[in-house]
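Worksheet for the structure shown next.
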Amino acid sequence: MRTMSFTEPKESKEIEESLVRELQAGNADAFEKIAELYQKKIYALSFNLTRNTMDAQDVTQDVLLTLFRKINTFQGKSAFSSWVYRITLNATYMKLRSRKKELTVSIEELLPSFNGGGFQQEKIQDWSENTESLMFTNETREIIQKAVDQLPEKEKVVFLLRDVEGLSTEKVGEILDLTVPAVKSRLHRARLFLRKKLSNFFEEYSREEKKK
Amino acid sequence: MMCCKECLDLLYDYLEGNLDPQIHSSLTEHLQDCPPCVAFINTYKSTTRICRETLKNAEMPEVVQIKLREFLKSAKRTV
């Protein structure tokens, strides 16, 4: 069965709404269908935050049970999928609580250095052309995953929902209870942070390639 | 002429297509003459793309799928 994309239009929304109504009426088949539609999304988000298969599995089970047990507390004020995401994030943060660390990074550290006139002082290497050939190597994947793991939590969750899941800025704001400008600012910081981390790797790689 | 700092401060809105036409064109003008800013923007865009492509593949392992199916079966019996 295909996984429902959280961003799909009308048709999916109607299916989703009717499943929710059935579930609220106590239909166990609707529970199974909802689980089938959402479990992969729940797992992927949780896995990208915890980077641990067992934790992501526990979270997925917890979330599915919560969906069922608390379905009557869902009032339809926000989209059902936003509610699912919020429950997923809460369950994931419970798992992460013990190892959660709050880092803050200033935006200046992520931008190039400028002279007094606001012009760039350092030479920036454009490694964007090199990424194609490197994309699918295990080393590159590990570097990317490690860079994402190092993102401060506030930026990481926005990045995962907006850039990885492909949700709209407005929807991410709804899920996280943030204003649109706040979502944009966190997303921008996340991208700058990741760019900086990946630059170290790709620049080193380009230097090595030139030596050959 | 727009400086690099101003250019990079506007980067997010530039890529989202949210800039006023006038500001947009002075930024484009700056980019024509500034390889470091072009490199910065290219690598910023590339970062988003490669991270998405890597993390999108967070698929559920077979063993987890099996466990979840069992879990759902037993949960369904109790609900």
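Going by the structure tokens order, chains are called A, B, ..., each with residues numbered from 1, while ligands are numbered from 1 in the order shown.
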
Nearby residues (only C-alpha atoms) at most 9 Å from Val157 (chain A), same-chain spacing under 6 positions excluded, as a count of residues only:
4

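Neighbouring residues of Thr47 (chain B) at 8 Å or closer, counting only C-alpha atoms and skipping chain neighbours under 5 positions away, are Arg191, Leu194, Arg195 and Leu198 of chain A.
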
I need the chain B residues near chain A as a ChimeraX atom specification; criterion: at most 6 Å, counting only C-alpha atoms.
/B:3-5,36,39,42-44,46-47,52,58

List the spatial neighbours of Leu11 (chain B) as a PyMOL selection string - criterion: any atom at most 10 Å away, only C-alpha atoms, same-chain residues fewer than 5 positions off excluded.
(chain A and resi 188) or (chain B and resi 5-6+16-17+19+27+37+40-41+44)

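Closest approach to Leu72 (chain B) among A:Ile15, A:Glu139, A:Lys33, A:Leu96 is made by A:Lys33 (distances from only C-alpha atoms).
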
My list of candidates is A:Asp149, A:Gly173, A:Val180, A:Asn90. Which is closest to Cys51 (chain B) when distances are computed with only C-alpha atoms?
A:Asp149

Shell around Gln75 (chain A) at 12 Å using only C-alpha atoms, local window under 5 positions removed, as a list of chain:residue names
A:Glu17, A:Val20, A:Arg21, A:Gln24, A:Lys70, A:Phe80, A:Trp83

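The coordinates place CA of Tyr93 (chain A) at 26.6 Å from CA of Lys73 (chain B).
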
If you run DSSP on the backbone here, which positions in region 148-195 of chain A get alpha helix (DSSP H)? Please write them as a PyMOL selection string.
chain A and resi 148-149+153-159+169-176+180-195

With N, CA, C and O atoms retained, could you export that selection as a tab-separated table (two decimals), in the first residue's frame?
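Generated file (result_23.tsv):
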```
chain	number	residue	atom	x	y	z
A	148	VAL	N	23.75	16.48	10.05
A	148	VAL	CA	22.36	16.72	10.48
A	148	VAL	C	22.22	16.42	11.98
A	148	VAL	O	21.56	17.15	12.71
A	149	ASP	N	22.88	15.36	12.43
A	149	ASP	CA	22.83	15.02	13.86
A	149	ASP	C	23.37	16.16	14.73
A	149	ASP	O	22.95	16.33	15.86
A	153	GLU	N	18.63	21.11	18.13
A	153	GLU	CA	17.31	20.50	17.97
A	153	GLU	C	16.28	21.42	17.30
A	153	GLU	O	15.51	20.98	16.46
A	154	LYS	N	16.26	22.67	17.71
A	154	LYS	CA	15.25	23.59	17.18
A	154	LYS	C	15.37	23.75	15.67
A	154	LYS	O	14.37	23.85	14.97
A	155	GLU	N	16.59	23.81	15.21
A	155	GLU	CA	16.81	23.96	13.77
A	155	GLU	C	16.59	22.62	13.05
A	155	GLU	O	16.07	22.58	11.95
A	156	LYS	N	17.00	21.55	13.74
A	156	LYS	CA	16.93	20.23	13.09
A	156	LYS	C	15.49	19.86	12.73
A	156	LYS	O	15.20	19.40	11.63
A	157	VAL	N	14.58	20.06	13.67
A	157	VAL	CA	13.21	19.62	13.42
A	157	VAL	C	12.58	20.44	12.28
A	157	VAL	O	11.85	19.90	11.44
A	158	VAL	N	12.90	21.72	12.23
A	158	VAL	CA	12.37	22.54	11.13
A	158	VAL	C	12.94	22.06	9.80
A	158	VAL	O	12.22	21.90	8.81
A	159	PHE	N	14.23	21.79	9.80
A	159	PHE	CA	14.87	21.32	8.57
A	159	PHE	C	14.26	19.99	8.10
A	159	PHE	O	13.96	19.80	6.91
A	169	THR	N	6.02	25.91	4.62
A	169	THR	CA	6.45	26.70	5.77
A	169	THR	C	5.29	26.90	6.75
A	169	THR	O	5.46	26.80	7.96
A	170	GLU	N	4.10	27.16	6.20
A	170	GLU	CA	2.92	27.40	7.04
A	170	GLU	C	2.58	26.17	7.88
A	170	GLU	O	2.27	26.25	9.06
A	171	LYS	N	2.65	25.00	7.24
A	171	LYS	CA	2.31	23.76	7.94
A	171	LYS	C	3.33	23.48	9.06
A	171	LYS	O	2.95	23.04	10.15
A	172	VAL	N	4.59	23.72	8.78
A	172	VAL	CA	5.61	23.51	9.81
A	172	VAL	C	5.34	24.45	10.99
A	172	VAL	O	5.43	24.05	12.16
A	173	GLY	N	4.93	25.68	10.69
A	173	GLY	CA	4.58	26.63	11.74
A	173	GLY	C	3.42	26.11	12.58
A	173	GLY	O	3.43	26.21	13.81
A	174	GLU	N	2.44	25.52	11.90
A	174	GLU	CA	1.27	24.98	12.61
A	174	GLU	C	1.68	23.84	13.55
A	174	GLU	O	1.28	23.78	14.70
A	175	ILE	N	2.53	22.95	13.04
A	175	ILE	CA	2.95	21.79	13.84
A	175	ILE	C	3.76	22.23	15.06
A	175	ILE	O	3.57	21.74	16.16
A	176	LEU	N	4.67	23.17	14.84
A	176	LEU	CA	5.59	23.54	15.91
A	176	LEU	C	5.14	24.77	16.69
A	176	LEU	O	5.84	25.22	17.60
A	180	VAL	N	5.52	32.06	10.79
A	180	VAL	CA	6.20	31.78	9.53
A	180	VAL	C	7.61	32.39	9.51
A	180	VAL	O	8.58	31.71	9.14
A	181	PRO	N	7.80	33.67	9.94
A	181	PRO	CA	9.17	34.20	9.96
A	181	PRO	C	10.12	33.37	10.85
A	181	PRO	O	11.29	33.19	10.53
A	182	ALA	N	9.58	32.84	11.97
A	182	ALA	CA	10.43	32.03	12.85
A	182	ALA	C	10.83	30.73	12.17
A	182	ALA	O	11.98	30.28	12.28
A	183	VAL	N	9.90	30.13	11.42
A	183	VAL	CA	10.23	28.90	10.69
A	183	VAL	C	11.33	29.21	9.66
A	183	VAL	O	12.33	28.49	9.56
A	184	LYS	N	11.14	30.30	8.92
A	184	LYS	CA	12.11	30.65	7.88
A	184	LYS	C	13.49	30.90	8.48
A	184	LYS	O	14.50	30.47	7.93
A	185	SER	N	13.51	31.61	9.60
A	185	SER	CA	14.80	31.93	10.18
A	185	SER	C	15.52	30.66	10.68
A	185	SER	O	16.72	30.49	10.47
A	186	ARG	N	14.76	29.75	11.30
A	186	ARG	CA	15.41	28.50	11.76
A	186	ARG	C	15.87	27.64	10.59
A	186	ARG	O	16.93	27.00	10.64
A	187	LEU	N	15.06	27.63	9.54
A	187	LEU	CA	15.43	26.83	8.37
A	187	LEU	C	16.71	27.37	7.73
A	187	LEU	O	17.61	26.61	7.37
A	188	HIS	N	16.78	28.69	7.62
A	188	HIS	CA	17.96	29.32	7.02
A	188	HIS	C	19.21	29.00	7.84
A	188	HIS	O	20.26	28.65	7.31
A	189	ARG	N	19.09	29.10	9.16
A	189	ARG	CA	20.23	28.77	10.04
A	189	ARG	C	20.64	27.31	9.87
A	189	ARG	O	21.82	26.99	9.84
A	190	ALA	N	19.63	26.44	9.77
A	190	ALA	CA	19.94	25.01	9.60
A	190	ALA	C	20.71	24.78	8.31
A	190	ALA	O	21.71	24.07	8.27
A	191	ARG	N	20.25	25.42	7.24
A	191	ARG	CA	20.91	25.22	5.95
A	191	ARG	C	22.33	25.78	5.98
A	191	ARG	O	23.26	25.18	5.42
A	192	LEU	N	22.48	26.94	6.64
A	192	LEU	CA	23.83	27.53	6.73
A	192	LEU	C	24.76	26.63	7.53
A	192	LEU	O	25.92	26.43	7.19
A	193	PHE	N	24.22	26.10	8.60
A	193	PHE	CA	24.99	25.20	9.47
A	193	PHE	C	25.46	23.97	8.67
A	193	PHE	O	26.63	23.60	8.68
A	194	LEU	N	24.51	23.37	7.96
A	194	LEU	CA	24.84	22.16	7.19
A	194	LEU	C	25.82	22.49	6.06
A	194	LEU	O	26.75	21.73	5.78
A	195	ARG	N	25.62	23.63	5.43
A	195	ARG	CA	26.53	24.04	4.35
A	195	ARG	C	27.96	24.13	4.87
A	195	ARG	O	28.90	23.65	4.25
```
